[in-house]
file query.cif (mmCIF, C-alpha atoms)
data_run
loop_
_atom_site.group_PDB
_atom_site.id
_atom_site.type_symbol
_atom_site.label_atom_id
_atom_site.label_comp_id
_atom_site.auth_asym_id
_atom_site.auth_seq_id
_atom_site.Cartn_x
_atom_site.Cartn_y
_atom_site.Cartn_z
ATOM 1 C CA MET A 19 135.955 104.870 119.655
ATOM 2 C CA LYS A 20 132.562 103.771 120.961
ATOM 3 C CA GLN A 21 129.920 103.186 118.278
ATOM 4 C CA LYS A 22 126.649 105.064 118.784
ATOM 5 C CA SER A 23 123.647 102.757 119.311
ATOM 6 C CA LYS A 24 120.667 102.982 117.005
ATOM 7 C CA MET A 25 117.264 103.311 118.677
ATOM 8 C CA ILE A 26 114.639 100.698 117.788
ATOM 9 C CA LYS A 27 111.022 101.730 118.362
ATOM 10 C CA LEU A 28 108.179 99.217 118.274
ATOM 11 C CA VAL A 29 104.976 101.211 118.014
ATOM 12 C CA GLY A 30 101.600 99.569 118.475
ATOM 13 C CA PHE A 31 98.110 100.261 119.660
ATOM 14 C CA ALA A 32 95.139 98.468 121.157
ATOM 15 C CA VAL A 33 93.189 96.234 118.853
ATOM 16 C CA THR A 34 92.744 93.184 121.026
ATOM 17 C CA ILE A 35 89.384 94.289 122.451
ATOM 18 C CA ILE A 36 86.709 93.801 119.813
ATOM 19 C CA GLY A 37 86.195 97.005 117.849
ATOM 20 C CA VAL A 38 88.198 99.153 120.274
ATOM 21 C CA GLY A 39 91.084 101.139 118.820
ATOM 22 C CA VAL A 40 93.691 103.462 120.230
ATOM 23 C CA ASN A 41 91.320 106.435 120.398
ATOM 24 C CA LEU A 42 88.992 104.610 122.765
ATOM 25 C CA VAL A 43 91.912 103.399 124.878
ATOM 26 C CA SER A 44 93.219 106.962 125.201
ATOM 27 C CA ASP A 45 89.761 108.183 126.232
ATOM 28 C CA TRP A 46 89.467 105.305 128.704
ATOM 29 C CA LEU A 47 92.855 106.156 130.214
ATOM 30 C CA ASP A 48 91.775 109.765 130.735
ATOM 31 C CA GLU A 49 88.813 108.550 132.794
ATOM 32 C CA GLN A 50 90.841 106.266 135.093
ATOM 33 C CA LYS A 51 92.325 107.104 138.488
ATOM 34 C CA MET A 52 95.587 108.988 138.186
ATOM 35 C CA ASP A 53 97.238 106.994 140.991
ATOM 36 C CA GLU A 54 97.428 103.831 138.867
ATOM 37 C CA LYS A 55 100.488 103.421 136.649
ATOM 38 C CA ILE A 56 99.731 104.002 132.982
ATOM 39 C CA GLU A 57 101.939 101.028 132.054
ATOM 40 C CA GLU A 58 99.600 98.690 133.925
ATOM 41 C CA LYS A 59 96.715 99.876 131.754
ATOM 42 C CA ILE A 60 98.540 99.923 128.400
ATOM 43 C CA ASN A 61 100.670 96.763 128.643
ATOM 44 C CA PRO A 62 97.847 94.265 127.984
ATOM 45 C CA TYR A 63 97.245 95.972 124.636
ATOM 46 C CA LEU A 64 100.947 95.840 123.784
ATOM 47 C CA ARG A 65 101.346 92.180 124.821
ATOM 48 C CA PRO A 66 101.466 90.890 121.201
ATOM 49 C CA LEU A 67 104.418 93.194 120.481
ATOM 50 C CA TYR A 68 106.263 91.985 123.567
ATOM 51 C CA ASP A 69 105.512 88.369 122.612
ATOM 52 C CA ALA A 70 107.045 88.936 119.162
ATOM 53 C CA LEU A 71 110.051 90.659 120.717
ATOM 54 C CA TYR A 72 110.624 87.750 123.101
ATOM 55 C CA ASP A 73 110.397 85.347 120.152
ATOM 56 C CA MET A 74 113.362 87.164 118.582
ATOM 57 C CA LEU A 75 115.450 87.833 121.707
ATOM 58 C CA ASP A 76 116.033 86.173 125.060
ATOM 59 C CA PHE A 77 113.810 87.663 127.740
ATOM 60 C CA GLU A 78 116.843 88.997 129.675
ATOM 61 C CA GLU A 79 118.387 90.516 126.549
ATOM 62 C CA ALA A 80 115.104 92.180 125.544
ATOM 63 C CA ALA A 81 114.543 93.482 129.093
ATOM 64 C CA ALA A 82 118.058 94.940 129.164
ATOM 65 C CA LEU A 83 117.531 96.685 125.811
ATOM 66 C CA ILE A 84 114.210 98.077 127.032
ATOM 67 C CA ASP A 85 115.771 99.245 130.312
ATOM 68 C CA ARG A 86 118.516 101.037 128.352
ATOM 69 C CA ASN A 87 115.902 102.624 126.035
ATOM 70 C CA ILE A 88 117.427 100.983 122.978
ATOM 71 C CA ILE A 89 114.061 99.343 122.365
ATOM 72 C CA GLU A 90 110.835 101.176 123.113
ATOM 73 C CA VAL A 91 107.360 99.688 122.871
ATOM 74 C CA ALA A 92 104.698 102.395 122.885
ATOM 75 C CA PRO A 93 101.083 103.006 121.882
ATOM 76 C CA LEU A 94 100.499 104.930 118.666
ATOM 77 C CA ALA A 95 98.639 107.624 120.612
ATOM 78 C CA PHE A 96 101.895 108.504 122.411
ATOM 79 C CA MET A 97 103.789 109.289 119.201
ATOM 80 C CA ARG A 98 102.155 112.666 118.556
ATOM 81 C CA GLY A 99 104.687 115.497 118.613
ATOM 82 C CA ARG A 100 107.740 113.239 118.465
ATOM 83 C CA THR A 101 110.431 112.997 115.810
ATOM 84 C CA LEU A 102 112.158 109.620 115.677
ATOM 85 C CA ASN A 103 115.729 110.160 114.476
ATOM 86 C CA ASN A 104 118.287 107.350 114.080
ATOM 87 C CA SER A 105 115.534 104.796 114.521
ATOM 88 C CA PHE A 106 114.062 101.645 113.050
ATOM 89 C CA ILE A 107 110.328 102.075 113.585
ATOM 90 C CA ILE A 108 107.667 99.373 113.284
ATOM 91 C CA LEU A 109 103.955 100.177 113.267
ATOM 92 C CA ASP A 110 102.112 96.913 113.859
ATOM 93 C CA GLU A 111 98.384 96.286 113.363
ATOM 94 C CA ALA A 112 98.318 99.330 111.075
ATOM 95 C CA GLN A 113 95.034 98.255 109.495
ATOM 96 C CA ASN A 114 93.351 99.703 112.595
ATOM 97 C CA ALA A 115 94.881 103.163 112.281
ATOM 98 C CA SER A 116 92.626 105.894 110.958
ATOM 99 C CA ASN A 117 93.805 108.041 108.055
ATOM 100 C CA GLU A 118 94.659 110.835 110.529
ATOM 101 C CA GLN A 119 96.624 108.471 112.769
ATOM 102 C CA MET A 120 98.517 107.034 109.805
ATOM 103 C CA LEU A 121 99.502 110.503 108.586
ATOM 104 C CA MET A 122 100.578 111.447 112.122
ATOM 105 C CA PHE A 123 102.676 108.278 112.405
ATOM 106 C CA LEU A 124 104.329 108.564 108.997
ATOM 107 C CA THR A 125 105.319 112.169 109.692
ATOM 108 C CA ARG A 126 107.229 111.103 112.849
ATOM 109 C CA LEU A 127 110.014 109.751 110.611
ATOM 110 C CA GLY A 128 113.221 111.591 111.412
ATOM 111 C CA PHE A 129 116.713 111.722 109.951
ATOM 112 C CA HIS A 130 118.558 108.430 109.385
ATOM 113 C CA SER A 131 115.446 106.399 110.230
ATOM 114 C CA LYS A 132 113.660 103.542 108.537
ATOM 115 C CA CYS A 133 110.015 102.614 108.969
ATOM 116 C CA VAL A 134 107.996 99.427 108.514
ATOM 117 C CA VAL A 135 104.203 99.585 108.544
ATOM 118 C CA ALA A 136 102.593 96.159 108.996
ATOM 119 C CA GLY A 137 98.925 95.302 108.872
ATOM 120 C CA ASP A 138 96.367 92.834 107.589
ATOM 121 C CA PRO A 139 93.612 94.475 105.514
ATOM 122 C CA THR A 140 91.360 91.463 106.181
ATOM 123 C CA GLN A 141 91.350 92.195 109.931
ATOM 124 C CA ILE A 142 90.184 95.813 110.100
ATOM 125 C CA ASP A 143 88.441 96.492 113.430
ATOM 126 C CA LEU A 144 87.753 100.212 113.055
ATOM 127 C CA PRO A 145 84.365 101.359 114.366
ATOM 128 C CA ASN A 146 81.550 102.708 112.186
ATOM 129 C CA LYS A 147 82.991 101.322 108.935
ATOM 130 C CA ARG A 148 85.826 103.888 108.998
ATOM 131 C CA THR A 149 88.355 103.541 106.203
ATOM 132 C CA SER A 150 91.687 102.083 107.248
ATOM 133 C CA GLY A 151 94.615 104.484 107.174
ATOM 134 C CA LEU A 152 96.743 101.572 105.973
ATOM 135 C CA LEU A 153 94.617 101.130 102.844
ATOM 136 C CA GLN A 154 94.636 104.860 102.147
ATOM 137 C CA ALA A 155 98.402 105.075 102.716
ATOM 138 C CA VAL A 156 99.052 102.269 100.239
ATOM 139 C CA ARG A 157 96.858 103.947 97.604
ATOM 140 C CA LYS A 158 98.416 107.384 98.135
ATOM 141 C CA LEU A 159 102.056 106.415 98.632
ATOM 142 C CA GLU A 160 102.788 103.337 96.505
ATOM 143 C CA GLN A 161 103.882 105.504 93.557
ATOM 144 C CA ILE A 162 106.646 107.219 95.577
ATOM 145 C CA PRO A 163 109.929 105.552 94.489
ATOM 146 C CA GLU A 164 111.433 105.560 98.003
ATOM 147 C CA ILE A 165 108.440 103.649 99.417
ATOM 148 C CA ALA A 166 108.055 99.907 98.872
ATOM 149 C CA VAL A 167 104.750 98.080 99.308
ATOM 150 C CA CYS A 168 104.937 94.341 99.956
ATOM 151 C CA GLN A 169 101.745 92.309 99.960
ATOM 152 C CA PHE A 170 101.826 88.847 101.490
ATOM 153 C CA SER A 171 99.589 85.860 100.899
ATOM 154 C CA THR A 172 98.641 82.843 102.972
ATOM 155 C CA ARG A 173 101.856 81.188 101.743
ATOM 156 C CA ASP A 174 103.749 83.750 103.839
ATOM 157 C CA VAL A 175 102.045 82.769 107.102
ATOM 158 C CA VAL A 176 104.691 82.011 109.733
ATOM 159 C CA ARG A 177 102.659 79.997 112.201
ATOM 160 C CA HIS A 178 101.543 76.431 112.550
ATOM 161 C CA SER A 179 101.273 74.830 109.087
ATOM 162 C CA LEU A 180 97.549 74.372 109.650
ATOM 163 C CA VAL A 181 96.993 78.161 109.858
ATOM 164 C CA GLU A 182 97.503 78.620 106.095
ATOM 165 C CA LYS A 183 94.860 75.975 105.426
ATOM 166 C CA ILE A 184 92.455 77.573 107.907
ATOM 167 C CA VAL A 185 92.879 81.033 106.337
ATOM 168 C CA ASN A 186 92.381 79.602 102.843
ATOM 169 C CA ALA A 187 89.225 77.787 103.971
ATOM 170 C CA TYR A 188 87.772 80.982 105.438
ATOM 171 C CA GLN A 189 88.590 82.969 102.300
ATOM 172 C CA LYS A 190 86.541 80.641 100.099
ATOM 173 C CA LYS A 191 83.130 82.109 99.253
ATOM 174 C CA GLU A 192 81.204 78.849 99.559
ATOM 175 C CA THR A 193 77.705 78.436 100.893
ATOM 176 C CA VAL A 194 77.574 76.594 104.203
ATOM 177 C CA SER A 195 75.521 73.410 103.990
ATOM 178 C CA GLY A 196 71.995 74.232 105.088
ATOM 179 C CA GLY A 197 72.514 78.001 105.102
ATOM 180 C CA ASN A 198 74.030 81.032 103.450
ATOM 181 C CA GLU A 199 77.711 82.044 103.556
ATOM 182 C CA ASN A 200 77.166 83.738 106.927
ATOM 183 C CA GLY A 201 75.962 80.463 108.432
ATOM 184 C CA GLY A 202 72.370 81.661 108.599
ATOM 185 C CA THR A 203 69.303 80.548 106.695
ATOM 186 C CA GLU A 204 67.985 83.972 105.612
#

call {"tool": "encode", "arguments": {"input": "query.cif", "output": "structure tokens"}}
result
Amino acid sequence: MKQKSKMIKLVGFAVTIIGVGVNLVSDWLDEQKMDEKIEEKINPYLRPLYDALYDMLDFEEAAALIDRNIIEVAPLAFMRGRTLNNSFIILDEAQNASNEQMLMFLTRLGFHSKCVVAGDPTQIDLPNKRTSGLLQAVRKLEQIPEIAVCQFSTRDVVRHSLVEKIVNAYQKKETVSGGNENGGTE
């Protein structure tokens, strides 16, 4: 008897352009020529997700899983109207989702699925001082017993050992010699 494969969905959105989120990317895509492939426009924004995937799997193995639709990497904007059953779903860079986008994403959860929402509240790039949907979701949902909230610190950084020291140095609220904490003299 052949075992049924579980679908893995990696869901992300554009945050690599300064202050530009998924809404602006969707609007930008609408304005572009229709003869260009949408993948060519979206892939640069999804590159960090592919990089992480290739860190976990051989390139050939990952490509085969993507070709067979066992793994899907997609922008958050493309999740509207979908129900993700039998899936393990990851929303990355969630600090840049609006409250409406976060609600839309969380309500995509289908039967026999699990969901991980990952984001760094110190790196919110939403325009016009909008409140992060990640922060609101944590406040509204952390009391639900079936939902776990895990907060990491600089000790959990999985990069070069120097990165933890750099993050700690930037988090200190010291005055820069010869100026204020913003580096200026005003």

call {"tool": "closest_residue", "arguments": {"input": "query.cif", "among": "A:Cys168, A:Val176, A:Leu144, A:Leu159", "to": "Asn114 in chain A", "atoms": "only C-alpha atoms"}}
result
A:Leu144

call {"tool": "closest_residue", "arguments": {"input": "query.cif", "among": "A:Lys183, A:Asp174, A:Lys191, A:Ser116", "to": "Ile142 in chain A", "atoms": "only C-alpha atoms"}}
result
A:Ser116

call {"tool": "resolve_selection", "arguments": {"input": "query.cif", "expression": "the PyMOL selection byres ((chain A and resi 102) around 7)", "output": "number ranges by chain"}}
result
A: 100-101, 103-105, 126-128

call {"tool": "write_last_selection", "arguments": {"input": "query.cif", "atoms": "C-alpha atoms", "output": "mmCIF file, in the coordinates of the input"}}
result
data_model
loop_
_atom_site.group_PDB
_atom_site.id
_atom_site.type_symbol
_atom_site.label_atom_id
_atom_site.label_comp_id
_atom_site.auth_asym_id
_atom_site.auth_seq_id
_atom_site.Cartn_x
_atom_site.Cartn_y
_atom_site.Cartn_z
ATOM 1 C CA ARG A 100 107.740 113.239 118.465
ATOM 2 C CA THR A 101 110.431 112.997 115.810
ATOM 3 C CA ASN A 103 115.729 110.160 114.476
ATOM 4 C CA ASN A 104 118.287 107.350 114.080
ATOM 5 C CA SER A 105 115.534 104.796 114.521
ATOM 6 C CA ARG A 126 107.229 111.103 112.849
ATOM 7 C CA LEU A 127 110.014 109.751 110.611
ATOM 8 C CA GLY A 128 113.221 111.591 111.412
#

call {"tool": "residues_around", "arguments": {"input": "query.cif", "residues": "range 148-153 of chain A", "least_positions_apart": "5", "cutoff": "9 Å", "atoms": "all atoms listed in the file", "output": "ChimeraX atom specification"}}
result
/A:112-121,135-139,142-143,158

call {"tool": "atom_distance", "arguments": {"input": "query.cif", "atom1": "CA of Val91 in chain A", "atom2": "CA of Gln154 in chain A"}}
result
24.9 Å

call {"tool": "atom_distance", "arguments": {"input": "query.cif", "atom1": "CA of Leu83 in chain A", "atom2": "CA of Leu71 in chain A"}}
result
10.9 Å

call {"tool": "atom_distance", "arguments": {"input": "query.cif", "atom1": "CA of Asp76 in chain A", "atom2": "CA of Ser131 in chain A"}}
result
25.1 Å

call {"tool": "closest_residue", "arguments": {"input": "query.cif", "among": "A:Phe129, A:Phe106, A:Phe77, A:Tyr63", "to": "Ile89 in chain A", "atoms": "only C-alpha atoms"}}
result
A:Phe106

call {"tool": "closest_residue", "arguments": {"input": "query.cif", "among": "A:Ile88, A:Met97, A:Ile108, A:Val167", "to": "Thr125 in chain A", "atoms": "only C-alpha atoms"}}
result
A:Met97

call {"tool": "axis_aligned_box", "arguments": {"input": "query.cif", "around": "range 114-126 of chain A", "padding_each_side": "3 Å", "output": "AutoDock Vina command-line options"}}
result
--center_x 99.9 --center_y 105.9 --center_z 110.5 --size_x 20.6 --size_y 18.5 --size_z 10.8
